[in-house]
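Enquirer: This is the structure I have questions about; it appears just below.
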Amino acid sequence: MWERFSYLGMAAILTLYFSASVASGGMGMSSGTAASVYSAYSTMIYLVSIAGGWLADRVLGSYRGVLYGGILIACGHYAMAVPTAAMTWVGLGLIIVGTGLLKPNVSTLVGKLYATDDERRDAGFALYYMGINIGAFLGPLVTGWLGQKVGYHWGFSAAAIGMTFGLAQYVLGRRHLKGNRHGAESPLPRATMRTTWRAVAGTAVFVATLLGGMAWGGLLTMSRFVDLVTIASVLAPIGYFVFLFRNDRVTSAERGHLKPYLVLFGGSVAFNLVLFQSYSTMNLLAADHAQTDLLGWHFPSSWYASMLGVFEVALAPVVAGAWVRLGKRQPHASNKLALGVLLGGLSFLIMVPATMGRTGDWIMSGWWLVVCYAVLGLGDVLLETTGMSATTKLAPKAFASQSMALWFLSLALANGISAQTVKLYGTLSDPSYFALNGGVVVAVAIGIMALAPWLRRTMAPVH
């Protein structure tokens, strides 16, 4: 919960901070550049999850992976609380590494609470998702108020404090977790452990030095960096799937399960292409054109982002209860995921009539955003909980944490594509932009539905 509070609380104001003028305490980027840089930042978080999953599997263990990741995230938020551009980039770097270490491993810990064939598994992930989205609701309220009413770095400070609370809760509640031992699931031999740590540290220093030198010499512009991140987001999942299909520790039955997983992976990419724009283009749309007063009281436009968390918190127990009540009669995992993708596309199509025929300095009713986030929130509950649960069921046993990282690579690819598509925001008309994004996602959902018979057969015995 607290990790989501800090991460999404900061996300609610980060694009606004990038696009605000320097005189207003921001970084003075154009709207399109701000949204693109935010997407690149999100992409890097999920790309680093590859290393995070591997380190947990072979070196740290899931418990310590989450702990060390949380510490780095907290340090990153504290760095961003310092009102200088340099510390902003330092803080974002720490958050990228920390979140990449935390994300693939916290879901793995949840998966260990249930047996693979336990019918409560999807419901358990739904409740887990409800818990973290309480933070997604509260984060934008606190950081949004401080960021837009007081100063952006005050908002970043609130995110830092929230993550500190999360670390304390995690350590104190350790005894309730399964898989909380210090050791890794498939540890490296002791002889290679020290070499591995040196390689990790050396690689980090080399990459940071190289990028810093290129930026200093004017060879690495912001636009080029975003393009490189997008390319990496495409190559990484391709390479990782090839690695899993060819690895000797993956059985033939597990390879058979990876084939339908590719379809689930594609569904996640399509859905998250629109979901993550809640904190970029949708945030910019709300700041420029949404009504922000209620009975004469003005609230920050970033508060609209918290509506996504509201609906996810409200709908997660409903979805969990429905799956438990239906038991073995509940829809197949592929159908749940396809429905989630469909709702994601429809959420953006809702914004077509909301923005159509508008000219000049126009203002739209906030109810358009509320309805959009309600549909998107239900889709998110259906897709993310089903996707994470299916990942833990279909993952090769030898690469449990790393395969969860593979799910998060779908989010990296979605953000990497988004880093390019959001450049069209402000170039295309608003109705055309939302129709294009929403239409593509709906088409993907229809494709998954058409593959349902094949998915049921190849995913068996996973339902």
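We label chains A, B, ... in the order they appear in the structure tokens, count residues from 1 in each chain, and number ligands from 1 in the order shown.
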Can you list, as a PyMOL selection string, every protein, DNA or RNA residue that comes within 10 Å of Val82 of chain A when you count only C-alpha atoms, leaving out same-chain residues fewer than 6 positions away?
Expert: chain A and resi 88+91+153-154+156-157
Enquirer: Would you output that residue set with N, CA and C atoms, as a PDB file, in the first residue's frame?
Expert:
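Result file result_6.pdb:
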ATOM      1  N   THR A  88      16.622  15.862  -8.805  1.00  0.00           N
ATOM      2  CA  THR A  88      15.457  15.210  -9.404  1.00  0.00           C
ATOM      3  C   THR A  88      15.880  13.988 -10.197  1.00  0.00           C
ATOM      4  N   GLY A  91      17.203  11.271  -7.879  1.00  0.00           N
ATOM      5  CA  GLY A  91      16.088  10.606  -7.206  1.00  0.00           C
ATOM      6  C   GLY A  91      15.358   9.648  -8.115  1.00  0.00           C
ATOM      7  N   HIS A 153       8.084  19.953  -4.755  1.00  0.00           N
ATOM      8  CA  HIS A 153       9.026  19.203  -3.917  1.00  0.00           C
ATOM      9  C   HIS A 153       8.427  18.857  -2.552  1.00  0.00           C
ATOM     10  N   TRP A 154       7.426  19.611  -2.116  1.00  0.00           N
ATOM     11  CA  TRP A 154       6.683  19.218  -0.919  1.00  0.00           C
ATOM     12  C   TRP A 154       5.893  17.942  -1.195  1.00  0.00           C
ATOM     13  N   PHE A 156       6.821  15.608  -3.317  1.00  0.00           N
ATOM     14  CA  PHE A 156       7.802  14.528  -3.329  1.00  0.00           C
ATOM     15  C   PHE A 156       8.206  14.139  -1.906  1.00  0.00           C
ATOM     16  N   SER A 157       8.217  15.099  -1.001  1.00  0.00           N
ATOM     17  CA  SER A 157       8.539  14.806   0.407  1.00  0.00           C
ATOM     18  C   SER A 157       7.486  13.885   1.028  1.00  0.00           C
TER      19      SER A 157
END
Enquirer: Excluding Phe311 of chain A and any residue of its chain fewer than 5 positions from it, enumerate the residues within 8 Å of it, using only C-alpha atoms, and give them as an NGL selection string.
Expert: :A and (373-374 or 377-378)
Enquirer: Go ahead and write the selection's residues with all heavy atoms as a PDB file, in the first residue's frame.
Expert:
ATOM      1  N   TYR A 373     -12.393   6.696 -15.646  1.00  0.00           N
ATOM      2  CA  TYR A 373     -11.592   5.986 -14.644  1.00  0.00           C
ATOM      3  C   TYR A 373     -12.350   4.813 -14.032  1.00  0.00           C
ATOM      4  O   TYR A 373     -11.741   3.815 -13.627  1.00  0.00           O
ATOM      5  CB  TYR A 373     -11.129   6.954 -13.553  1.00  0.00           C
ATOM      6  CG  TYR A 373      -9.988   7.849 -13.982  1.00  0.00           C
ATOM      7  CD1 TYR A 373      -9.994   9.215 -13.689  1.00  0.00           C
ATOM      8  CD2 TYR A 373      -8.913   7.336 -14.694  1.00  0.00           C
ATOM      9  CE1 TYR A 373      -8.947  10.045 -14.091  1.00  0.00           C
ATOM     10  CE2 TYR A 373      -7.864   8.154 -15.088  1.00  0.00           C
ATOM     11  CZ  TYR A 373      -7.880   9.503 -14.790  1.00  0.00           C
ATOM     12  OH  TYR A 373      -6.841  10.314 -15.183  1.00  0.00           O
ATOM     13  N   ALA A 374     -13.674   4.909 -13.961  1.00  0.00           N
ATOM     14  CA  ALA A 374     -14.461   3.780 -13.445  1.00  0.00           C
ATOM     15  C   ALA A 374     -14.327   2.572 -14.368  1.00  0.00           C
ATOM     16  O   ALA A 374     -14.090   1.440 -13.916  1.00  0.00           O
ATOM     17  CB  ALA A 374     -15.933   4.180 -13.301  1.00  0.00           C
ATOM     18  N   GLY A 377     -10.706   1.393 -14.251  1.00  0.00           N
ATOM     19  CA  GLY A 377     -10.403   0.730 -12.978  1.00  0.00           C
ATOM     20  C   GLY A 377     -10.896  -0.701 -12.940  1.00  0.00           C
ATOM     21  O   GLY A 377     -10.184  -1.604 -12.473  1.00  0.00           O
ATOM     22  N   LEU A 378     -12.118  -0.942 -13.436  1.00  0.00           N
ATOM     23  CA  LEU A 378     -12.632  -2.307 -13.487  1.00  0.00           C
ATOM     24  C   LEU A 378     -11.778  -3.165 -14.418  1.00  0.00           C
ATOM     25  O   LEU A 378     -11.445  -4.312 -14.108  1.00  0.00           O
ATOM     26  CB  LEU A 378     -14.089  -2.308 -13.960  1.00  0.00           C
ATOM     27  CG  LEU A 378     -14.748  -3.687 -14.101  1.00  0.00           C
ATOM     28  CD1 LEU A 378     -14.701  -4.460 -12.794  1.00  0.00           C
ATOM     29  CD2 LEU A 378     -16.183  -3.554 -14.606  1.00  0.00           C
TER      30      LEU A 378
END
Enquirer: From the set A:Met222, A:Tyr63, A:Leu102, A:Arg194, which residue has the shortest atom-to-atom contact distance to Met29 of chain A, counting only C-alpha atoms?
Expert: A:Met222
Enquirer: Have a look at A:Leu141, A:Met10, A:Ala419, A:Ile448 and name the one nearest to Thr33 of chain A; count only C-alpha atoms.
Expert: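 Nearest candidate to Thr33 of chain A out of A:Leu141, A:Met10, A:Ala419, A:Ile448: A:Ala419.
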Enquirer: Using only C-alpha atoms, can you tell me which of A:Leu294, A:Val371, A:Ile161, A:Leu337 comes closest to Cys75 of chain A?
Expert: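 The answer is A:Ile161, which sits nearest to Cys75 of chain A.
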Enquirer: Can you tell me which residues surround segment 443-446 of chain A at a distance of at most 6 Å, considering only C-alpha atoms, apart from same-chain residues fewer than 3 positions away, and format the answer as an mmCIF file with N, CA and C atoms, in the first residue's frame?
Expert:
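Written file, selection12.cif:
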data_model
loop_
_atom_site.group_PDB
_atom_site.id
_atom_site.type_symbol
_atom_site.label_atom_id
_atom_site.label_comp_id
_atom_site.auth_asym_id
_atom_site.auth_seq_id
_atom_site.Cartn_x
_atom_site.Cartn_y
_atom_site.Cartn_z
ATOM 1 N N ALA A 338 -9.214 -10.770 -21.458
ATOM 2 C CA ALA A 338 -9.759 -10.125 -22.652
ATOM 3 C C ALA A 338 -10.797 -9.072 -22.283
ATOM 4 N N VAL A 341 -8.985 -5.989 -21.100
ATOM 5 C CA VAL A 341 -8.433 -5.230 -22.223
ATOM 6 C C VAL A 341 -9.541 -4.447 -22.933
ATOM 7 N N LEU A 342 -10.680 -5.085 -23.137
ATOM 8 C CA LEU A 342 -11.806 -4.416 -23.791
ATOM 9 C C LEU A 342 -12.234 -3.173 -23.023
ATOM 10 N N VAL A 440 -7.386 0.756 -31.112
ATOM 11 C CA VAL A 440 -6.345 -0.282 -31.194
ATOM 12 C C VAL A 440 -6.496 -1.283 -30.057
ATOM 13 N N MET A 449 -10.247 -12.746 -27.618
ATOM 14 C CA MET A 449 -11.495 -13.504 -27.528
ATOM 15 C C MET A 449 -11.580 -14.557 -28.636
#
Enquirer: Counting only C-alpha atoms, figure out which residue out of A:Thr143, A:Thr392, A:Asn133, A:Asn272 gets nearest to Leu315 of chain A.
Expert: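 When distances to Leu315 of chain A are compared using only C-alpha atoms, the smallest one comes from A:Asn133.
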Enquirer: Find the distance between atom CA of Phe434 of chain A and atom CA of Ala290 of chain A and write it in Å to one decimal.
Expert: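 Taking atom CA of Phe434 of chain A and atom CA of Ala290 of chain A, their separation equals 15.8 Å.
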Enquirer: Could you name the residues that touch His77 of chain A at 12 Å or less, counting only C-alpha atoms, but leaving out those on the same chain fewer than 6 positions away, as a ChimeraX atom specification?
Expert: /A:3,5-11,14,70-71,83,87-96,98-99,143,152-164
Enquirer: Could those selected residues go to a file with N, CA, C and O atoms, as a compact mmCIF listing (two decimals), in the first residue's frame?
Expert:
# COMPACT_ATOMS: atom_id res chain seq x y z
N GLU A 3 4.01 1.61 -0.83
CA GLU A 3 4.80 1.76 -2.05
C GLU A 3 3.95 2.41 -3.14
O GLU A 3 4.42 3.27 -3.88
N PHE A 5 1.37 4.32 -2.58
CA PHE A 5 1.15 5.69 -2.12
C PHE A 5 2.27 6.59 -2.62
O PHE A 5 2.03 7.67 -3.17
N SER A 6 3.50 6.14 -2.43
CA SER A 6 4.64 6.97 -2.82
C SER A 6 4.81 7.03 -4.33
O SER A 6 5.01 8.10 -4.91
N TYR A 7 4.70 5.86 -4.99
CA TYR A 7 4.96 5.81 -6.43
C TYR A 7 3.89 6.57 -7.22
O TYR A 7 4.20 7.41 -8.06
N LEU A 8 2.61 6.23 -6.98
CA LEU A 8 1.54 6.87 -7.74
C LEU A 8 1.25 8.28 -7.24
O LEU A 8 0.73 9.11 -7.99
N GLY A 9 1.55 8.54 -5.98
CA GLY A 9 1.44 9.91 -5.49
C GLY A 9 2.39 10.82 -6.25
O GLY A 9 2.02 11.92 -6.69
N MET A 10 3.62 10.35 -6.41
CA MET A 10 4.58 11.13 -7.19
C MET A 10 4.18 11.18 -8.66
O MET A 10 4.30 12.22 -9.32
N ALA A 11 3.69 10.04 -9.19
CA ALA A 11 3.30 10.00 -10.61
C ALA A 11 2.20 11.01 -10.93
O ALA A 11 2.15 11.55 -12.03
N LEU A 14 4.21 14.23 -11.37
CA LEU A 14 5.51 14.25 -12.06
C LEU A 14 5.41 14.88 -13.45
O LEU A 14 6.24 15.73 -13.81
N GLY A 70 12.77 -1.27 -1.42
CA GLY A 70 12.04 -0.23 -0.69
C GLY A 70 12.95 0.84 -0.14
O GLY A 70 12.61 2.03 -0.14
N ILE A 71 14.12 0.44 0.34
CA ILE A 71 15.08 1.41 0.88
C ILE A 71 15.55 2.36 -0.22
O ILE A 71 15.63 3.59 -0.02
N PRO A 83 15.05 20.75 -3.88
CA PRO A 83 14.58 21.53 -5.03
C PRO A 83 15.68 21.92 -6.02
O PRO A 83 15.95 23.10 -6.25
N MET A 87 19.14 16.84 -8.42
CA MET A 87 18.64 15.87 -7.44
C MET A 87 17.36 15.19 -7.93
O MET A 87 17.06 14.06 -7.52
N THR A 88 16.62 15.86 -8.80
CA THR A 88 15.46 15.21 -9.40
C THR A 88 15.88 13.99 -10.20
O THR A 88 15.30 12.90 -10.06
N TRP A 89 16.91 14.14 -11.03
CA TRP A 89 17.37 13.01 -11.84
C TRP A 89 18.02 11.93 -10.99
O TRP A 89 17.85 10.73 -11.25
N VAL A 90 18.76 12.33 -9.95
CA VAL A 90 19.34 11.35 -9.02
C VAL A 90 18.22 10.55 -8.34
O VAL A 90 18.27 9.33 -8.23
N GLY A 91 17.20 11.27 -7.88
CA GLY A 91 16.09 10.61 -7.21
C GLY A 91 15.36 9.65 -8.12
O GLY A 91 15.02 8.52 -7.72
N LEU A 92 15.09 10.06 -9.35
CA LEU A 92 14.41 9.18 -10.29
C LEU A 92 15.25 7.93 -10.57
O LEU A 92 14.71 6.83 -10.72
N GLY A 93 16.57 8.09 -10.65
CA GLY A 93 17.44 6.93 -10.86
C GLY A 93 17.34 5.94 -9.72
O GLY A 93 17.26 4.71 -9.94
N LEU A 94 17.35 6.42 -8.48
CA LEU A 94 17.22 5.53 -7.32
C LEU A 94 15.86 4.84 -7.30
O LEU A 94 15.75 3.65 -6.98
N ILE A 95 14.81 5.57 -7.66
CA ILE A 95 13.46 4.99 -7.68
C ILE A 95 13.36 3.92 -8.76
O ILE A 95 12.73 2.87 -8.56
N ILE A 96 13.98 4.16 -9.91
CA ILE A 96 13.97 3.17 -10.98
C ILE A 96 14.60 1.86 -10.52
O ILE A 96 14.02 0.78 -10.69
N GLY A 98 15.22 0.85 -7.38
CA GLY A 98 14.51 0.28 -6.24
C GLY A 98 13.20 -0.37 -6.62
O GLY A 98 12.88 -1.48 -6.17
N THR A 99 12.42 0.28 -7.49
CA THR A 99 11.13 -0.29 -7.89
C THR A 99 11.34 -1.52 -8.75
O THR A 99 10.58 -2.49 -8.66
N THR A 143 -0.11 14.10 -2.23
CA THR A 143 0.95 14.73 -3.01
C THR A 143 0.39 15.75 -4.00
O THR A 143 1.05 16.75 -4.30
N TYR A 152 5.97 21.52 -5.73
CA TYR A 152 6.14 20.14 -6.18
C TYR A 152 7.06 19.33 -5.26
O TYR A 152 6.82 18.15 -5.01
N HIS A 153 8.08 19.95 -4.75
CA HIS A 153 9.03 19.20 -3.92
C HIS A 153 8.43 18.86 -2.55
O HIS A 153 8.87 17.90 -1.91
N TRP A 154 7.43 19.61 -2.12
CA TRP A 154 6.68 19.22 -0.92
C TRP A 154 5.89 17.94 -1.20
O TRP A 154 5.77 17.07 -0.33
N GLY A 155 5.35 17.82 -2.40
CA GLY A 155 4.66 16.59 -2.77
C GLY A 155 5.60 15.41 -2.79
O GLY A 155 5.25 14.31 -2.33
N PHE A 156 6.82 15.61 -3.32
CA PHE A 156 7.80 14.53 -3.33
C PHE A 156 8.21 14.14 -1.91
O PHE A 156 8.48 12.97 -1.63
N SER A 157 8.22 15.10 -1.00
CA SER A 157 8.54 14.81 0.41
C SER A 157 7.49 13.89 1.03
O SER A 157 7.82 12.97 1.79
N ALA A 158 6.21 14.12 0.70
CA ALA A 158 5.14 13.28 1.22
C ALA A 158 5.30 11.84 0.72
O ALA A 158 5.07 10.87 1.47
N ALA A 159 5.71 11.69 -0.54
CA ALA A 159 5.96 10.36 -1.08
C ALA A 159 7.08 9.66 -0.32
O ALA A 159 7.03 8.45 -0.06
N ALA A 160 8.11 10.41 0.05
CA ALA A 160 9.23 9.84 0.81
C ALA A 160 8.78 9.34 2.18
O ALA A 160 9.15 8.24 2.61
N ILE A 161 7.97 10.13 2.85
CA ILE A 161 7.49 9.74 4.17
C ILE A 161 6.61 8.50 4.08
O ILE A 161 6.69 7.58 4.89
N GLY A 162 5.76 8.43 3.05
CA GLY A 162 4.90 7.26 2.85
C GLY A 162 5.70 5.99 2.66
O GLY A 162 5.38 4.94 3.23
N MET A 163 6.77 6.06 1.87
CA MET A 163 7.58 4.86 1.64
C MET A 163 8.30 4.45 2.92
O MET A 163 8.51 3.25 3.16
N THR A 164 8.67 5.40 3.75
CA THR A 164 9.31 5.07 5.03
C THR A 164 8.35 4.30 5.93
O THR A 164 8.73 3.32 6.57
Enquirer: My list of candidates is A:Phe299, A:Gly69, A:Tyr279, A:Ser31. Which is closest to Asn415 of chain A when distances are computed with only C-alpha atoms?
Expert: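 Using only C-alpha atoms, Asn415 of chain A sits closest to A:Tyr279.
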Enquirer: Mind the document's chain letters and residue numbers, and return as a ChimeraX atom specification the residues of segment 152-389 of chain A that DSSP labels alpha helix (DSSP H).
Expert: /A:152-172,190-216,222-246,252-275,281-289,306-326,333-355,366-389
Enquirer: What's around Trp407 of chain A at 9 Å? Count only C-alpha atoms, leave out sequence neighbours fewer than 6 positions away in its own chain, and write the answer as a PyMOL selection string.
Expert: chain A and resi 104+265+268+387-388+391
Enquirer: Env of Val319 of chain A: 10 Å cut, atoms = only C-alpha atoms, seq-sep filter 3 positions within chain, self excluded. Answer as a list in words.
Expert: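 These residues fall inside the cut-off: Asp122, Ala123, Ala126, Leu127, Glu312, Ala314, Leu315, Ala316, Ala322, Trp323, Val324, Arg325, Leu378, Val381, Leu382 and Thr385 of chain A.
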Enquirer: Which one is closest to Leu72 of chain A: A:Val150, A:Ala232, A:Leu258, A:Leu101? Count only C-alpha atoms.
Expert: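 Among the listed residues, the smallest separation from Leu72 of chain A belongs to A:Leu101.
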Enquirer: Set the distance at 8 Å and use only C-alpha atoms: which residues neighbour Thr355 of chain A once local chain neighbours fewer than 6 positions away are removed? I'd like the list as a PyMOL selection string.
Expert: chain A and resi 364+430-431
Enquirer: Write the residues of the preceding selection, restricted to N, CA, C and O atoms, as a PDB file, in the first residue's frame.
Expert:
ATOM      1  N   MET A 364     -14.394  20.979 -19.614  1.00  0.00           N
ATOM      2  CA  MET A 364     -15.358  19.873 -19.654  1.00  0.00           C
ATOM      3  C   MET A 364     -15.734  19.470 -18.235  1.00  0.00           C
ATOM      4  O   MET A 364     -14.993  19.713 -17.275  1.00  0.00           O
ATOM      5  N   ASP A 430      -7.841  16.100 -29.995  1.00  0.00           N
ATOM      6  CA  ASP A 430      -8.117  15.234 -28.843  1.00  0.00           C
ATOM      7  C   ASP A 430      -9.030  14.064 -29.199  1.00  0.00           C
ATOM      8  O   ASP A 430      -8.752  12.917 -28.818  1.00  0.00           O
ATOM      9  N   PRO A 431     -10.135  14.262 -29.933  1.00  0.00           N
ATOM     10  CA  PRO A 431     -10.977  13.125 -30.286  1.00  0.00           C
ATOM     11  C   PRO A 431     -10.230  12.079 -31.118  1.00  0.00           C
ATOM     12  O   PRO A 431     -10.389  10.871 -30.904  1.00  0.00           O
TER      13      PRO A 431
END
